[in-house]
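> Contents of data_6.pdb (PDB, C-alpha atoms):
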MODEL        1
ATOM      1  CA  MET A   1       0.000   0.000   0.000
ATOM      2  CA  GLY A   2       1.353   3.402  -0.917
ATOM      3  CA  SER A   3       1.255   6.725   0.841
ATOM      4  CA  ILE A   4       1.438  10.284  -0.390
ATOM      5  CA  LEU A   5       1.947  13.391   1.706
ATOM      6  CA  VAL A   6       0.474  16.503   0.086
ATOM      7  CA  ASP A   7       0.485  20.119   1.206
ATOM      8  CA  THR A   8      -2.735  22.038   1.820
ATOM      9  CA  GLU A   9      -2.992  22.795  -1.897
ATOM     10  CA  GLY A  10      -2.682  19.109  -2.811
ATOM     11  CA  ARG A  11       0.873  19.331  -4.165
ATOM     12  CA  PRO A  12       2.910  16.186  -3.451
ATOM     13  CA  VAL A  13       5.585  16.537  -0.783
ATOM     14  CA  ALA A  14       6.590  12.878  -0.428
ATOM     15  CA  GLU A  15       5.518   9.544  -1.914
ATOM     16  CA  SER A  16       6.291   6.022  -0.755
ATOM     17  CA  GLY A  17       5.375   2.489  -1.716
ATOM     18  CA  LEU A  18       3.423   3.207  -4.894
ATOM     19  CA  CYS A  19       2.362   0.074  -6.771
ATOM     20  CA  ALA A  20       3.636  -0.624 -10.305
ATOM     21  CA  PHE A  21       0.286   0.462 -11.774
ATOM     22  CA  CYS A  22       0.397   3.897 -10.144
ATOM     23  CA  LYS A  23       4.060   4.334 -11.059
ATOM     24  CA  ALA A  24       3.284   3.485 -14.701
ATOM     25  CA  ALA A  25       0.276   5.823 -14.825
ATOM     26  CA  GLN A  26       2.200   8.673 -13.196
ATOM     27  CA  GLN A  27       5.071   8.383 -15.672
ATOM     28  CA  THR A  28       2.798   9.919 -18.299
ATOM     29  CA  LYS A  29       1.923  13.605 -18.264
ATOM     30  CA  GLY A  30      -1.827  12.954 -18.405
ATOM     31  CA  GLY A  31      -1.724  10.213 -15.794
ATOM     32  CA  ARG A  32       0.281  12.362 -13.392
ATOM     33  CA  ALA A  33      -2.134  15.269 -13.918
ATOM     34  CA  ALA A  34      -5.123  13.020 -13.193
ATOM     35  CA  CYS A  35      -3.503  11.766  -9.979
ATOM     36  CA  GLU A  36      -2.544  15.278  -8.898
ATOM     37  CA  GLY A  37      -6.156  16.354  -9.458
ATOM     38  CA  THR A  38      -7.256  13.705  -6.974
ATOM     39  CA  TRP A  39      -4.683  14.897  -4.454
ATOM     40  CA  ARG A  40      -5.901  18.494  -4.806
ATOM     41  CA  GLU A  41      -9.450  17.289  -4.174
ATOM     42  CA  ALA A  42      -8.335  15.517  -1.007
ATOM     43  CA  ALA A  43      -6.731  18.686   0.338
ATOM     44  CA  GLN A  44      -9.583  20.988  -0.695
ATOM     45  CA  TRP A  45     -12.573  18.837   0.193
ATOM     46  CA  LYS A  46     -11.042  17.577   3.457
ATOM     47  CA  VAL A  47     -12.594  14.122   3.069
ATOM     48  CA  GLU A  48     -11.615  10.917   4.867
ATOM     49  CA  SER A  49     -11.717   8.798   1.730
ATOM     50  CA  LEU A  50     -11.831   9.309  -2.016
ATOM     51  CA  ILE A  51     -11.597   7.483  -5.315
ATOM     52  CA  CYS A  52      -9.013   8.336  -7.973
ATOM     53  CA  PRO A  53      -9.681   8.429 -11.752
ATOM     54  CA  ALA A  54      -8.596   4.778 -12.031
ATOM     55  CA  GLY A  55     -11.320   3.827  -9.540
ATOM     56  CA  LEU A  56      -8.817   3.111  -6.770
ATOM     57  CA  HIS A  57      -9.385   4.107  -3.163
ATOM     58  CA  TYR A  58      -7.509   6.363  -0.724
ATOM     59  CA  GLN A  59      -7.966   6.894   3.014
ATOM     60  CA  THR A  60      -6.883  10.353   4.163
ATOM     61  CA  ALA A  61      -6.095  12.278   7.332
ATOM     62  CA  PRO A  62      -5.008  15.849   8.030
ATOM     63  CA  VAL A  63      -1.574  16.593   9.480
ATOM     64  CA  ARG A  64      -1.763  19.478  11.927
ATOM     65  CA  ASP A  65       0.799  21.787  13.449
ATOM     66  CA  GLY A  66      -1.070  22.864  16.549
ATOM     67  CA  GLU A  67      -4.523  23.887  15.342
ATOM     68  CA  LYS A  68      -3.468  24.506  11.744
ATOM     69  CA  THR A  69      -3.691  21.844   9.035
ATOM     70  CA  VAL A  70      -0.347  21.855   7.223
ATOM     71  CA  ALA A  71      -0.637  18.731   5.054
ATOM     72  CA  TRP A  72      -2.703  15.654   4.225
ATOM     73  CA  ILE A  73      -1.593  12.042   4.296
ATOM     74  CA  LEU A  74      -3.182   9.792   1.668
ATOM     75  CA  LEU A  75      -2.929   6.049   2.133
ATOM     76  CA  GLY A  76      -3.979   3.858  -0.656
ATOM     77  CA  GLN A  77      -4.212   3.222  -4.265
ATOM     78  CA  TYR A  78      -6.049   0.013  -3.462
ATOM     79  CA  ALA A  79      -8.965  -1.806  -5.031
ATOM     80  CA  GLN A  80     -11.839  -3.251  -3.019
ATOM     81  CA  SER A  81     -12.664  -5.939  -5.575
ATOM     82  CA  THR A  82     -11.022  -7.850  -8.393
ATOM     83  CA  PHE A  83     -13.369  -6.018 -10.784
ATOM     84  CA  GLU A  84     -12.033  -2.626  -9.620
ATOM     85  CA  ARG A  85      -8.483  -3.880 -10.019
ATOM     86  CA  SER A  86      -9.079  -5.300 -13.501
ATOM     87  CA  SER A  87     -10.882  -2.181 -14.784
ATOM     88  CA  ALA A  88      -8.307   0.333 -13.487
ATOM     89  CA  GLY A  89      -6.197   0.101 -16.649
ATOM     90  CA  ARG A  90      -9.123   0.861 -18.947
ATOM     91  CA  ARG A  91     -10.124   3.818 -16.778
ATOM     92  CA  MET A  92      -6.639   5.367 -16.901
ATOM     93  CA  THR A  93      -5.976   4.759 -20.603
ATOM     94  CA  GLY A  94      -7.822   7.948 -21.559
ATOM     95  CA  PHE A  95      -5.675  10.014 -19.206
ATOM     96  CA  CYS A  96      -2.340   8.339 -19.906
ATOM     97  CA  GLY A  97      -2.488   7.693 -23.615
ATOM     98  CA  GLU A  98      -0.773   4.374 -22.918
ATOM     99  CA  PRO A  99      -2.088   1.197 -24.527
ATOM    100  CA  SER A 100      -4.592  -0.359 -22.161
ATOM    101  CA  ASN A 101      -2.743  -3.687 -22.131
ATOM    102  CA  LEU A 102       0.333  -2.092 -20.487
ATOM    103  CA  LEU A 103      -1.742  -0.653 -17.670
ATOM    104  CA  ASP A 104      -3.843  -3.837 -17.483
ATOM    105  CA  GLU A 105      -0.664  -5.862 -16.877
ATOM    106  CA  ALA A 106       0.490  -3.430 -14.189
ATOM    107  CA  SER A 107      -2.951  -3.521 -12.551
ATOM    108  CA  GLU A 108      -2.060  -6.905 -11.043
ATOM    109  CA  SER A 109       0.207  -4.972  -8.644
ATOM    110  CA  ILE A 110      -2.715  -2.975  -7.207
ATOM    111  CA  PRO A 111      -3.296  -4.044  -3.594
ATOM    112  CA  LEU A 112      -6.676  -5.681  -2.996
ATOM    113  CA  VAL A 113      -8.299  -4.645   0.282
ATOM    114  CA  THR A 114     -11.719  -6.156   0.735
ATOM    115  CA  VAL A 115     -14.383  -4.382   2.763
ATOM    116  CA  GLU A 116     -13.830  -6.944   5.514
ATOM    117  CA  ARG A 117     -10.124  -6.041   5.730
ATOM    118  CA  LEU A 118     -10.686  -2.309   5.330
ATOM    119  CA  GLY A 119     -11.194  -1.804   9.069
ATOM    120  CA  THR A 120      -7.605  -2.917   9.614
ATOM    121  CA  TYR A 121      -6.355  -0.034   7.478
ATOM    122  CA  ALA A 122      -8.886   2.642   8.441
ATOM    123  CA  ASP A 123      -6.768   4.073  11.291
ATOM    124  CA  TYR A 124      -3.437   4.018   9.439
ATOM    125  CA  PRO A 125      -3.669   7.515   7.936
ATOM    126  CA  HIS A 126      -4.533   8.962  11.352
ATOM    127  CA  LYS A 127      -1.646   7.090  12.989
ATOM    128  CA  VAL A 128       0.784   8.400  10.375
ATOM    129  CA  ALA A 129      -0.626  11.918  10.802
ATOM    130  CA  VAL A 130      -0.141  11.736  14.588
ATOM    131  CA  SER A 131       3.462  10.599  14.059
ATOM    132  CA  LEU A 132       4.130  13.517  11.707
ATOM    133  CA  GLU A 133       2.470  15.927  14.140
ATOM    134  CA  SER A 134       4.749  14.658  16.898
ATOM    135  CA  ILE A 135       7.794  15.286  14.711
ATOM    136  CA  LEU A 136       6.554  18.817  13.958
ATOM    137  CA  SER A 137       6.066  19.476  17.656
ATOM    138  CA  GLU A 138       9.535  18.167  18.555
ATOM    139  CA  ARG A 139      11.017  20.270  15.764
ATOM    140  CA  ALA A 140       9.315  23.403  17.109
ATOM    141  CA  ILE A 141      10.693  22.693  20.599
ATOM    142  CA  LEU A 142      14.195  22.188  19.198
ATOM    143  CA  VAL A 143      14.054  25.422  17.181
ATOM    144  CA  ASP A 144      12.882  27.294  20.277
ATOM    145  CA  ARG A 145      15.770  25.872  22.329
ATOM    146  CA  LEU A 146      18.296  26.743  19.630
ATOM    147  CA  GLN A 147      16.971  30.312  19.474
ATOM    148  CA  ARG A 148      17.318  30.623  23.269
ATOM    149  CA  ILE A 149      20.899  29.313  23.117
ATOM    150  CA  SER A 150      21.664  31.767  20.333
ATOM    151  CA  ALA A 151      20.204  34.627  22.348
ATOM    152  CA  LEU A 152      22.254  33.634  25.425
ATOM    153  CA  SER A 153      25.463  33.309  23.456
ATOM    154  CA  SER A 154      25.086  36.798  22.007
ATOM    155  CA  LEU A 155      24.977  38.396  25.489
TER     156      LEU A 155
ENDMDL
END
Take the structure in the file and give it back as structure tokens.

Amino acid sequence: MGSILVDTEGRPVAESGLCAFCKAAQQTKGGRAACEGTWREAAQWKVESLICPAGLHYQTAPVRDGEKTVAWILLGQYAQSTFERSSAGRRMTGFCGEPSNLLDEASESIPLVTVERLGTYADYPHKVAVSLESILSERAILVDRLQRISALSSL
């Protein structure tokens, strides 16, 4: 399962673990634009789940620095059925301009998460967001300490 961290405008900051299908789709200009459109929607609509142009699912969570949302974590690019997985290539062909058979072959790499297993993954985006929030908080404390040391050393 992949994850994407996007800023509040939906621009990608970091990506990890993308499946071969998503990598192939995003290597084309049209495919990348379609994916980025989905990421912008996630950041703007502030939803907990969404479906990309290929029909694949994401779970999302906001990353906050104090009270302010500074990013969104998107976990996913998964199918909930073999039908969704097998039709993803045909859905993306119009965006990518790639022959459908290339994307169809790569669609076998799309993780399958059935509705029964979905509960296992539902909290993951929130757990990742909490981890990132903790790092932001620790960073703020460190910067504050360094500024105090700097102020003391200039006396």
> Could you pull the residues within 6 Å of Thr8 in chain A, counting all atoms listed in the file, minus those fewer than 5 positions along the same chain, as a list in words?
Ala43, Val70 and Ala71 of chain A
> Can I get the selected residues back with C-alpha atoms, as a PDB file, in the frame of the given file?

ATOM      1  CA  ALA A  43      -6.731  18.686   0.338  1.00  0.00           C
ATOM      2  CA  VAL A  70      -0.347  21.855   7.223  1.00  0.00           C
ATOM      3  CA  ALA A  71      -0.637  18.731   5.054  1.00  0.00           C
TER       4      ALA A  71
END
> Using the chain letters and numbers from this file, what does the PyMOL selection byres ((chain A and resi 54) around 10) select? Give the answer as a list in words.
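Output from the PyMOL selection byres ((chain A and resi 54) around 10), applied to this file: Phe21, Cys22, Ala25, Gly31, Ala34, Cys35, Ile51, Cys52, Pro53, Gly55, Leu56, His57, Gln77, Ala79, Glu84, Arg85, Ser87, Ala88, Gly89, Arg90, Arg91, Met92, Thr93 and Phe95 of chain A.
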> Please, what distance in Å, to one decimal, runs between CA of Lys23 in chain A and CA of Gly97 in chain A?
14.6 Å
> What's the separation between CA of Val63 in chain A and CA of Ala24 in chain A, in Å to one decimal place?
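CA of Val63 in chain A sits 27.9 Å away from CA of Ala24 in chain A.
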> Using Å and a single decimal, report how far CA of Glu138 in chain A sits from CA of Val6 in chain A.
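Value for the CA of Val6 in chain A-CA of Glu138 in chain A distance: 20.6 Å.
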> Would you please work out which residue, of A:Leu75, A:Ala42, A:Ala33, A:Ala20, is nearest to Ala129 in chain A when using all atoms listed in the file?
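That would be A:Leu75, the residue with the smallest distance to Ala129 in chain A.
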> Choose the residue, out of A:Gln44, A:Thr120, A:Gln59, A:Ser49, that has the smallest atom-to-atom separation from Glu9 in chain A; count all atoms listed in the file.
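Closest residue, counting all atoms listed in the file: A:Gln44.
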> How big is the axis-aligned box around the listed atoms of range 61-72 of chain A once 5 Å is added on each side, and where is its centre? Give both in Å to one decimal, as AutoDock Vina command-line options.

--center_x -2.6 --center_y 18.4 --center_z 10.4 --size_x 16.9 --size_y 22.2 --size_z 22.3
> With all atoms listed in the file as the atoms that count, which of A:Pro12, A:Gly17, A:Gly2, A:Pro62 lies nearest to His126 in chain A?
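Looking only at the distances to His126 in chain A, the closest residue turns out to be A:Pro62.
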> Just checking: using all atoms listed in the file, which residue out of A:Thr28, A:Thr38, A:Ser154, A:Gln80 ends up closest to Val115 in chain A?
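Of all the options, A:Gln80 lies closest to Val115 in chain A.
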> Under the rule that all atoms listed in the file are counted, which of A:Gln147, A:Ser153, A:Gln26, A:Ser81 is the nearest residue to Leu118 in chain A?
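With all atoms listed in the file as the atom set, the closest residue is A:Ser81.
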> May I ask which of the residues A:Lys46, A:Arg40, A:Arg64, A:Lys127 is the closest one to Arg11 in chain A, counting only C-alpha atoms?
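Between A:Lys46, A:Arg40, A:Arg64, A:Lys127, the residue approaching Arg11 in chain A most closely is A:Arg40.
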